[in-house]
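Trainee: This one is protein_9.cif, mmCIF, C-alpha atoms.
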data_my_file
loop_
_atom_site.label_atom_id
_atom_site.label_comp_id
_atom_site.auth_asym_id
_atom_site.auth_seq_id
_atom_site.Cartn_x
_atom_site.Cartn_y
_atom_site.Cartn_z
CA PRO A 1 0.00 0.00 0.00
CA GLN A 2 2.80 2.43 0.86
CA ARG A 3 4.55 1.89 -2.49
CA ALA A 4 1.25 2.24 -4.36
CA LEU A 5 0.58 5.55 -2.58
CA GLU A 6 4.10 6.75 -3.43
CA ILE A 7 3.62 5.92 -7.13
CA LEU A 8 0.20 7.59 -7.16
CA THR A 9 1.26 10.84 -5.53
CA THR A 10 4.47 11.13 -7.57
CA SER A 11 2.88 10.43 -10.95
CA LEU A 12 -0.51 12.15 -10.48
CA PRO A 13 0.53 15.64 -11.75
CA LEU A 14 2.05 14.15 -14.89
CA ALA A 15 -0.92 11.82 -15.44
CA LEU A 16 -3.37 14.71 -15.20
CA ASP A 17 -1.33 16.75 -17.68
CA LEU A 18 -1.26 13.82 -20.12
CA TRP A 19 -4.99 13.29 -19.69
CA ARG A 20 -5.87 16.96 -20.28
CA SER A 21 -3.32 17.93 -22.93
CA GLY A 22 -2.15 14.72 -24.54
CA VAL A 23 1.52 14.00 -25.23
CA GLY A 24 3.65 17.02 -26.19
CA GLY A 25 5.81 19.90 -25.06
CA GLU A 26 9.30 20.27 -23.61
CA SER A 27 8.08 21.00 -20.07
CA GLN A 28 6.04 17.78 -20.10
CA ALA A 29 9.02 15.85 -21.44
CA GLU A 30 11.20 17.08 -18.56
CA ALA A 31 8.43 16.31 -16.08
CA LEU A 32 8.20 12.77 -17.48
CA LYS A 33 11.94 12.22 -17.06
CA ALA A 34 11.93 13.63 -13.53
CA THR A 35 8.89 11.57 -12.51
CA LEU A 36 10.37 8.30 -13.77
CA SER A 37 13.66 9.06 -12.01
CA ARG A 38 11.90 9.70 -8.68
CA LEU A 39 9.86 6.49 -9.00
CA GLY A 40 12.98 4.35 -9.15
CA PRO A 41 14.58 1.52 -11.19
CA THR A 42 11.45 -0.08 -12.63
CA PHE A 43 10.19 3.17 -14.08
CA VAL A 44 13.62 4.34 -15.20
CA LYS A 45 13.89 1.10 -17.16
CA VAL A 46 10.49 1.76 -18.74
CA GLY A 47 11.71 5.23 -19.70
CA GLN A 48 14.86 3.79 -21.25
CA ALA A 49 12.78 1.39 -23.31
CA LEU A 50 10.59 4.25 -24.53
CA SER A 51 13.61 6.44 -25.33
CA VAL A 52 14.20 4.55 -28.58
CA ARG A 53 10.53 4.63 -29.63
CA SER A 54 10.38 7.75 -31.78
CA ASP A 55 7.35 6.13 -33.44
CA LEU A 56 5.40 6.46 -30.17
CA LEU A 57 6.71 9.68 -28.63
CA PRO A 58 7.52 13.18 -29.96
CA PRO A 59 11.18 14.22 -30.36
CA GLU A 60 11.36 16.27 -27.15
CA HIS A 61 10.16 13.28 -25.08
CA VAL A 62 12.61 10.92 -26.76
CA ALA A 63 15.49 13.37 -26.13
CA ALA A 64 14.56 13.77 -22.44
CA LEU A 65 14.21 10.02 -21.86
CA GLN A 66 17.55 9.31 -23.57
CA GLU A 67 19.20 11.11 -20.64
CA LEU A 68 18.02 8.21 -18.44
CA GLN A 69 20.35 5.88 -20.34
CA GLN A 70 23.43 7.19 -18.54
CA ALA A 71 22.36 9.82 -15.98
CA VAL A 72 20.80 7.88 -13.09
CA GLU A 73 21.45 8.80 -9.45
CA PRO A 74 24.10 6.41 -8.01
CA PHE A 75 23.86 4.66 -4.66
CA ASP A 76 26.49 4.75 -1.91
CA SER A 77 29.89 3.27 -2.87
CA GLU A 78 30.44 1.70 0.55
CA VAL A 79 27.20 -0.21 0.10
CA ALA A 80 28.32 -1.21 -3.40
CA MET A 81 31.63 -2.63 -2.14
CA GLU A 82 29.78 -4.60 0.53
CA VAL A 83 27.59 -6.09 -2.23
CA VAL A 84 30.77 -7.07 -4.12
CA ARG A 85 32.36 -8.64 -1.03
CA ALA A 86 29.26 -10.62 -0.05
CA ASP A 87 28.38 -11.75 -3.57
CA ILE A 88 31.84 -13.10 -4.43
CA GLY A 89 32.35 -14.48 -0.91
CA LEU A 90 35.38 -12.47 0.19
CA THR A 91 36.61 -11.05 3.46
CA PRO A 92 37.35 -7.30 3.52
CA GLN A 93 41.05 -8.15 3.15
CA GLY A 94 40.25 -10.57 0.32
CA LEU A 95 38.34 -7.85 -1.50
CA ARG A 96 41.32 -5.49 -1.26
CA SER A 97 43.63 -8.24 -2.48
CA MET A 98 41.46 -9.09 -5.50
CA PHE A 99 40.84 -5.44 -6.41
CA PRO A 100 43.75 -3.35 -5.06
CA SER A 101 42.47 -0.39 -7.05
CA VAL A 102 38.81 0.66 -7.41
CA SER A 103 37.54 4.12 -8.33
CA PRO A 104 36.08 5.85 -5.25
CA GLU A 105 32.90 6.74 -7.14
CA PRO A 106 31.11 4.96 -10.01
CA VAL A 107 32.13 5.95 -13.54
CA ALA A 108 28.61 5.18 -14.77
CA SER A 109 25.25 4.63 -13.09
CA ALA A 110 22.19 2.98 -14.57
CA SER A 111 18.73 1.87 -13.46
CA LEU A 112 19.75 -1.54 -12.11
CA GLY A 113 23.40 -1.03 -11.19
CA GLN A 114 26.53 1.08 -11.44
CA VAL A 115 30.04 0.56 -12.78
CA TYR A 116 33.44 1.14 -11.16
CA LYS A 117 36.83 1.13 -12.81
CA GLY A 118 39.30 -1.10 -10.99
CA SER A 119 42.22 -3.42 -11.47
CA PHE A 120 43.36 -6.87 -10.46
CA ALA A 121 46.61 -7.46 -8.59
CA ASN A 122 48.35 -8.20 -11.91
CA GLY A 123 47.43 -4.73 -13.22
CA THR A 124 44.61 -5.82 -15.57
CA GLN A 125 42.02 -3.05 -15.70
CA VAL A 126 38.43 -4.16 -15.11
CA ALA A 127 34.91 -2.77 -15.19
CA LEU A 128 33.12 -3.79 -12.00
CA LYS A 129 29.34 -3.67 -12.34
CA VAL A 130 27.41 -3.80 -9.06
CA GLN A 131 23.66 -4.26 -8.71
CA ARG A 132 21.55 -1.90 -6.61
CA PRO A 133 20.53 -3.62 -3.35
CA GLY A 134 16.91 -4.59 -2.73
CA LEU A 135 15.82 -4.52 -6.37
CA GLU A 136 13.87 -7.78 -6.35
CA GLU A 137 11.33 -6.58 -3.79
CA VAL A 138 10.90 -3.14 -5.38
CA ILE A 139 10.48 -4.46 -8.92
CA ALA A 140 8.05 -7.20 -7.84
CA ALA A 141 5.86 -4.64 -6.05
CA ASP A 142 6.02 -2.18 -8.95
CA LEU A 143 5.01 -4.78 -11.53
CA TRP A 144 2.09 -5.95 -9.37
CA ILE A 145 0.89 -2.36 -9.06
CA LEU A 146 1.29 -1.69 -12.80
CA ARG A 147 -0.78 -4.77 -13.57
CA ALA A 148 -3.46 -3.66 -11.11
CA LEU A 149 -3.64 -0.28 -12.87
CA GLU A 150 -4.49 -1.88 -16.23
CA PRO A 151 -8.07 -0.49 -16.40
CA VAL A 152 -6.71 3.07 -16.16
CA LEU A 153 -3.36 3.01 -17.96
CA SER A 154 -4.55 0.90 -20.91
CA ARG A 155 -6.67 3.90 -21.98
CA PHE A 156 -3.57 5.98 -22.79
CA PRO A 157 -2.69 6.08 -26.51
CA LEU A 158 0.87 5.01 -25.63
CA PHE A 159 -0.35 1.47 -24.89
CA GLN A 160 -2.73 1.17 -27.82
CA GLY A 161 -1.66 -0.72 -30.92
CA VAL A 162 1.22 -2.55 -29.18
CA GLY A 163 -0.68 -5.59 -27.88
CA THR A 164 -2.54 -5.77 -24.58
CA TYR A 165 -1.35 -3.61 -21.70
CA THR A 166 -0.90 -6.68 -19.49
CA ALA A 167 1.26 -8.38 -22.13
CA VAL A 168 3.51 -5.30 -22.29
CA VAL A 169 3.92 -5.24 -18.49
CA ASP A 170 4.60 -8.99 -18.38
CA ALA A 171 7.24 -8.66 -21.10
CA TRP A 172 8.97 -5.87 -19.19
CA GLY A 173 8.75 -7.92 -16.00
CA LYS A 174 10.40 -10.96 -17.56
CA GLY A 175 13.19 -8.74 -18.86
CA PHE A 176 13.76 -7.25 -15.41
CA VAL A 177 13.96 -10.66 -13.76
CA ASP A 178 16.47 -11.90 -16.32
CA GLU A 179 18.61 -8.79 -15.91
CA LEU A 180 18.82 -9.20 -12.13
CA ASP A 181 20.96 -12.34 -12.45
CA TYR A 182 24.35 -11.12 -13.61
CA ARG A 183 25.48 -14.71 -14.16
CA LYS A 184 23.12 -14.80 -17.15
CA GLU A 185 24.57 -11.52 -18.42
CA ALA A 186 28.10 -12.92 -18.12
CA SER A 187 27.10 -16.03 -20.06
CA ASN A 188 25.36 -14.00 -22.78
CA SER A 189 28.34 -11.67 -23.22
CA GLN A 190 30.84 -14.52 -23.38
CA ARG A 191 28.66 -16.44 -25.84
CA PHE A 192 28.48 -13.43 -28.15
CA LEU A 193 32.24 -12.85 -27.96
CA GLU A 194 32.89 -16.50 -28.85
CA SER A 195 30.40 -16.34 -31.73
CA MET A 196 32.21 -13.32 -33.20
CA VAL A 197 35.55 -15.17 -32.95
CA GLU A 198 34.08 -18.28 -34.61
CA ARG A 199 32.77 -16.20 -37.52
CA GLY A 200 35.95 -14.17 -37.94
CA LEU A 201 34.20 -10.92 -36.98
CA ASP A 202 36.05 -10.22 -33.73
CA GLY A 203 38.40 -7.86 -35.57
CA ALA A 204 35.44 -5.52 -36.10
CA ILE A 205 32.83 -6.37 -33.42
CA THR A 206 33.42 -7.45 -29.84
CA SER A 207 32.16 -7.47 -26.25
CA PRO A 208 34.10 -7.27 -22.97
CA GLU A 209 35.78 -10.47 -21.74
CA VAL A 210 34.16 -11.72 -18.51
CA TYR A 211 36.13 -12.82 -15.42
CA PRO A 212 33.95 -15.53 -13.82
CA GLY A 213 36.07 -15.84 -10.68
CA ALA A 214 35.36 -12.20 -9.83
CA SER A 215 31.66 -12.28 -10.78
CA GLY A 216 28.45 -13.52 -9.19
CA ARG A 217 24.67 -13.05 -9.21
CA ARG A 218 24.85 -9.33 -8.35
CA VAL A 219 28.39 -8.49 -9.52
CA ILE A 220 30.08 -8.86 -12.88
CA ALA A 221 33.73 -8.11 -13.64
CA THR A 222 34.81 -7.63 -17.25
CA ARG A 223 37.89 -6.36 -19.02
CA TRP A 224 37.88 -2.57 -19.14
CA VAL A 225 37.25 -1.28 -22.66
CA ASP A 226 38.22 2.25 -23.62
CA GLY A 227 35.87 3.81 -26.12
CA THR A 228 33.37 6.50 -27.05
CA PRO A 229 29.59 5.94 -26.91
CA LEU A 230 28.14 5.70 -30.39
CA ASP A 231 26.13 8.92 -30.04
CA ARG A 232 29.32 10.85 -29.20
CA ALA A 233 31.55 9.37 -31.91
CA GLU A 234 33.19 11.57 -34.51
CA GLY A 235 30.95 12.28 -37.48
CA GLY A 236 33.15 10.44 -39.96
CA GLU A 237 33.10 7.27 -37.85
CA VAL A 238 29.35 6.99 -37.34
CA GLY A 239 28.47 5.57 -40.76
CA GLY A 240 31.00 2.75 -40.51
CA LEU A 241 30.05 2.00 -36.90
CA CYS A 242 26.35 1.84 -37.77
CA ALA A 243 27.19 -0.59 -40.57
CA LEU A 244 29.09 -2.74 -38.04
CA ALA A 245 26.11 -2.59 -35.67
CA LEU A 246 23.75 -3.68 -38.44
CA ASN A 247 26.09 -6.54 -39.33
CA ALA A 248 26.29 -7.59 -35.68
CA TYR A 249 22.52 -7.59 -35.18
CA LEU A 250 21.85 -9.48 -38.40
CA THR A 251 24.42 -12.08 -37.31
CA MET A 252 22.74 -12.38 -33.90
CA MET A 253 19.24 -12.56 -35.32
CA LEU A 254 19.80 -14.83 -38.32
CA ASP A 255 22.87 -16.89 -37.34
CA SER A 256 23.99 -17.15 -33.71
CA GLY A 257 20.47 -16.72 -32.29
CA THR A 258 21.50 -14.70 -29.21
CA LEU A 259 19.95 -11.26 -29.76
CA HIS A 260 21.02 -8.25 -27.68
CA CYS A 261 17.79 -6.39 -26.82
CA ASP A 262 19.08 -3.16 -25.29
CA PRO A 263 20.75 -1.41 -28.25
CA HIS A 264 20.75 2.22 -27.12
CA PRO A 265 23.88 4.30 -27.99
CA GLY A 266 25.26 4.14 -24.44
CA ASN A 267 25.66 0.38 -24.81
CA MET A 268 27.78 0.66 -27.96
CA LEU A 269 31.36 1.91 -27.85
CA ALA A 270 33.64 2.98 -30.68
CA THR A 271 37.03 1.66 -29.54
CA PRO A 272 40.34 3.38 -30.38
CA ASP A 273 41.25 0.53 -32.76
CA GLY A 274 38.06 1.08 -34.80
CA ARG A 275 35.98 -1.80 -33.44
CA LEU A 276 32.40 -1.72 -32.17
CA CYS A 277 32.08 -3.02 -28.60
CA ILE A 278 28.58 -3.97 -27.43
CA LEU A 279 27.97 -3.68 -23.68
CA ASP A 280 25.27 -4.76 -21.20
CA TRP A 281 24.07 -8.26 -22.09
CA GLY A 282 21.44 -8.57 -19.38
CA LEU A 283 18.46 -8.24 -21.72
CA VAL A 284 18.76 -10.92 -24.40
CA LEU A 285 16.36 -12.92 -26.58
CA GLN A 286 17.12 -16.42 -27.80
CA VAL A 287 15.84 -16.51 -31.40
CA ASP A 288 14.21 -19.83 -32.27
CA PRO A 289 15.70 -21.52 -35.39
CA ASP A 290 12.24 -21.70 -37.02
CA LEU A 291 11.89 -17.94 -36.56
CA GLN A 292 15.31 -17.43 -38.11
CA TYR A 293 14.23 -19.36 -41.22
CA SER A 294 11.01 -17.34 -41.38
CA LEU A 295 12.97 -14.09 -41.19
CA VAL A 296 15.28 -15.20 -43.99
CA ASP A 297 12.25 -16.11 -46.14
CA TYR A 298 10.64 -12.75 -45.42
CA ILE A 299 13.78 -10.78 -46.30
CA SER A 300 14.33 -12.77 -49.49
CA HIS A 301 10.73 -12.24 -50.59
CA LEU A 302 11.07 -8.50 -49.96
CA ILE A 303 14.26 -8.35 -52.02
CA THR A 304 12.74 -10.34 -54.92
CA GLN A 305 9.45 -8.41 -54.61
CA ASP A 306 7.46 -11.62 -54.27
CA ALA A 307 4.27 -9.94 -53.07
CA GLU A 308 2.22 -13.14 -53.00
CA ALA A 309 4.56 -14.80 -50.49
CA ILE A 310 4.82 -11.89 -48.04
CA PRO A 311 1.40 -12.36 -46.30
CA GLY A 312 2.38 -15.94 -45.45
CA ASP A 313 5.70 -14.68 -44.08
CA LEU A 314 3.92 -12.17 -41.84
CA VAL A 315 1.73 -14.96 -40.47
CA ALA A 316 4.77 -17.19 -39.86
CA LEU A 317 6.52 -14.35 -38.01
CA GLY A 318 3.47 -13.72 -35.83
CA PHE A 319 2.95 -10.18 -37.12
CA VAL A 320 -0.51 -11.08 -38.46
CA ASP A 321 -3.09 -13.41 -36.93
CA LYS A 322 -3.59 -16.30 -39.36
CA ARG A 323 -7.32 -16.29 -38.55
CA ARG A 324 -7.69 -12.87 -40.22
#
The structure given in the file should be rewritten as structure tokens.
Mentor:
Amino acid sequence: PQRALEILTTSLPLALDLWRSGVGGESQAEALKATLSRLGPTFVKVGQALSVRSDLLPPEHVAALQELQQAVEPFDSEVAMEVVRADIGLTPQGLRSMFPSVSPEPVASASLGQVYKGSFANGTQVALKVQRPGLEEVIAADLWILRALEPVLSRFPLFQGVGTYTAVVDAWGKGFVDELDYRKEASNSQRFLESMVERGLDGAITSPEVYPGASGRRVIATRWVDGTPLDRAEGGEVGGLCALALNAYLTMMLDSGTLHCDPHPGNMLATPDGRLCILDWGLVLQVDPDLQYSLVDYISHLITQDAEAIPGDLVALGFVDKRR
């Protein structure tokens, strides 16, 4: 009840503005960003998902929500180091021995965790990602409340035309649960890195190497990668990097089957050696082989302009109900 009251009182001014005026305006966009930030990780994650949906929101809203991709209030670093120590199973002295150097403050902070720059005793630089404490309880309560609000929120145009409101909330919820286990993220990242090596693409596309011995359910240690986020890259580099990203995602979708589902610019780095490094493998979809074949058929029929075959492709892909 207390969390429901907090959500209601925090979001009511924005909800009334949306109800009266519809979606639009820079002041409303800033209010949306501020409201989601105050409501915490679940709602920040929703905002991040919407930040790439220029088909649903006006430009000023998209621009405001994109700030949530990298500008989230961090939590206390002492608490973070205690999470690291407990999750890996180290004593305070053992933590100092494993990571003799760790930045005093996070170098990046996101909705579910924050990242520190550190090093092992041998001098290898690492990125240490630490999960915010207490997320499971908060996210579970938030998702229950969002589902309970279906009769009200499903009336907003934002949730119309994208499937049922409940299905959208359930899909977000599954993604959150998967992202809370950093062992899955480590496995996904390592699997992608190995798939790029197997296909001879690691000279152009990569992901950070994971150190399993220094990782756990709420902590993940990877090799530190220097680079520039894709949206801050030099103008002359962007075209080539976007081509690499397209190549990477086609390979994931049509070949390896492990599809990275959080492709905002903050998760893509242009490295000094010209490679594209894809970060944050917590939200991943395993593409079924039958779906891969259907996608290939659909693309080939588009290229050959086989109009008669395309409706069947759309049914096979689940875009169109076969009963229609």
Trainee: Please, what distance in Å, to one decimal, runs between atom CA of Val23 of chain A and atom CA of Pro59 of chain A?
Mentor: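 It comes out at 10.9 Å.
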Trainee: Evaluate the PyMOL selection byres ((chain A and resi 266-272) around 8) on the structure here and hand back the selected residues as a list in words.
Mentor: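 Going through the file, the PyMOL selection byres ((chain A and resi 266-272) around 8) ends up selecting Gln69, Gln70, Val225, Asp226, Gly227, Thr228, Pro229, Leu230, Asp231, Ala233, Leu241, Asp262, Pro263, His264, Pro265, Asp273, Gly274, Arg275, Leu276, Cys277, Ile278, Leu279 and Asp280 of chain A.
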Trainee: Starting from the shown file, work through the PyMOL selection byres ((chain A and resi 222) around 10) and note down what comes out as a VMD selection string.
Mentor: chain A and resid 125 to 129 186 189 207 to 212 214 to 215 220 to 221 223 to 225
Trainee: Select, from A:Leu65, A:Ala148, A:Val44, A:Leu32, the residue with the minimum atom-to-atom distance to Ser11 of chain A, counting all atoms listed in the file.
Mentor: A:Leu32
Trainee: For Arg191 of chain A, please output as number ranges by chain all residues within 12 Å (counting all atoms listed in the file; exclusion window: fewer than 6 positions along the same chain).
Mentor: A: 184-185, 197-198, 206-210, 252, 256-260, 281, 284, 286
Trainee: Any chance you could work out the residue set of the PyMOL selection byres ((chain A and resi 74) around 10) here, as a list in words?
Mentor: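 Selected by the PyMOL selection byres ((chain A and resi 74) around 10) in this file: Ala71, Val72, Glu73, Phe75, Asp76, Ser77, Ala80, Glu105, Pro106, Val107, Ala108, Ser109, Ala110, Ser111, Leu112, Gly113, Gln114, Val115 and Arg132 of chain A.
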Trainee: Of the candidates A:Lys174, A:Arg199, A:Arg38, A:Arg147, which one gets nearest to Thr251 of chain A if we count only C-alpha atoms?
Mentor: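 Smallest separation from Thr251 of chain A among the options: A:Arg199.
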Trainee: Do you know which residues are at most 12 Å from Ser54 of chain A counting only C-alpha atoms, after dropping those on the same chain fewer than 6 positions away, and could you put them as number ranges by chain?
Mentor: A: 60-66, 158
Trainee: Hey, what's within 12 Å of Leu95 of chain A if we count all atoms listed in the file and toss same-chain stuff fewer than 6 positions away? As a ChimeraX atom specification, please?
Mentor: /A:81-89,101-102,118-121,214
Trainee: By how many Å are atom CA of Val46 of chain A and atom CA of Gly25 of chain A apart?
Mentor: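 One can read the atom CA of Val46 of chain A to atom CA of Gly25 of chain A distance as 19.8 Å.
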Trainee: What are the centre and edge lengths in Å, to one decimal, of the axis-aligned box around all listed atoms of segment 96-114 of chain A with 6 Å added on each side, as JSON?
Mentor:
{"center_x": 31.2, "center_y": -1.2, "center_z": -8.0, "size_x": 37.0, "size_y": 27.8, "size_z": 25.5}
Trainee: Within 12 Å of Val296 of chain A, counting all atoms listed in the file, which residues show up once you throw out same-chain ones fewer than 6 positions away? Write them as number ranges by chain, please.
Mentor: A: 250-251, 253-255, 289-290, 302-303, 310, 313-314, 316-317
Trainee: Quick one: pull the distance between atom CA of Gly318 of chain A and atom CA of Val177 of chain A, Å, one decimal.
Mentor: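 Interatomic distance, atom CA of Gly318 of chain A to atom CA of Val177 of chain A: 24.6 Å.
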Trainee: Given all atoms listed in the file as the basis, pick out the residue of A:Tyr116, A:Phe43, A:Tyr182, A:Phe192 nearest to Asp142 of chain A.
Mentor: A:Phe43
Trainee: Excluding Ile139 of chain A and any residue of its chain fewer than 5 positions from it, enumerate the residues within 9 Å of it, using all atoms listed in the file, and give them as a PyMOL selection string.
Mentor: chain A and resi 41-42+134+144+173+176-177
Trainee: Tell me which of A:Val315, A:Leu193, A:Leu16, A:Gly200 sits closest to Leu291 of chain A, counting all atoms listed in the file.
Mentor: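 The shortest atom-to-atom distance to Leu291 of chain A comes from A:Val315.
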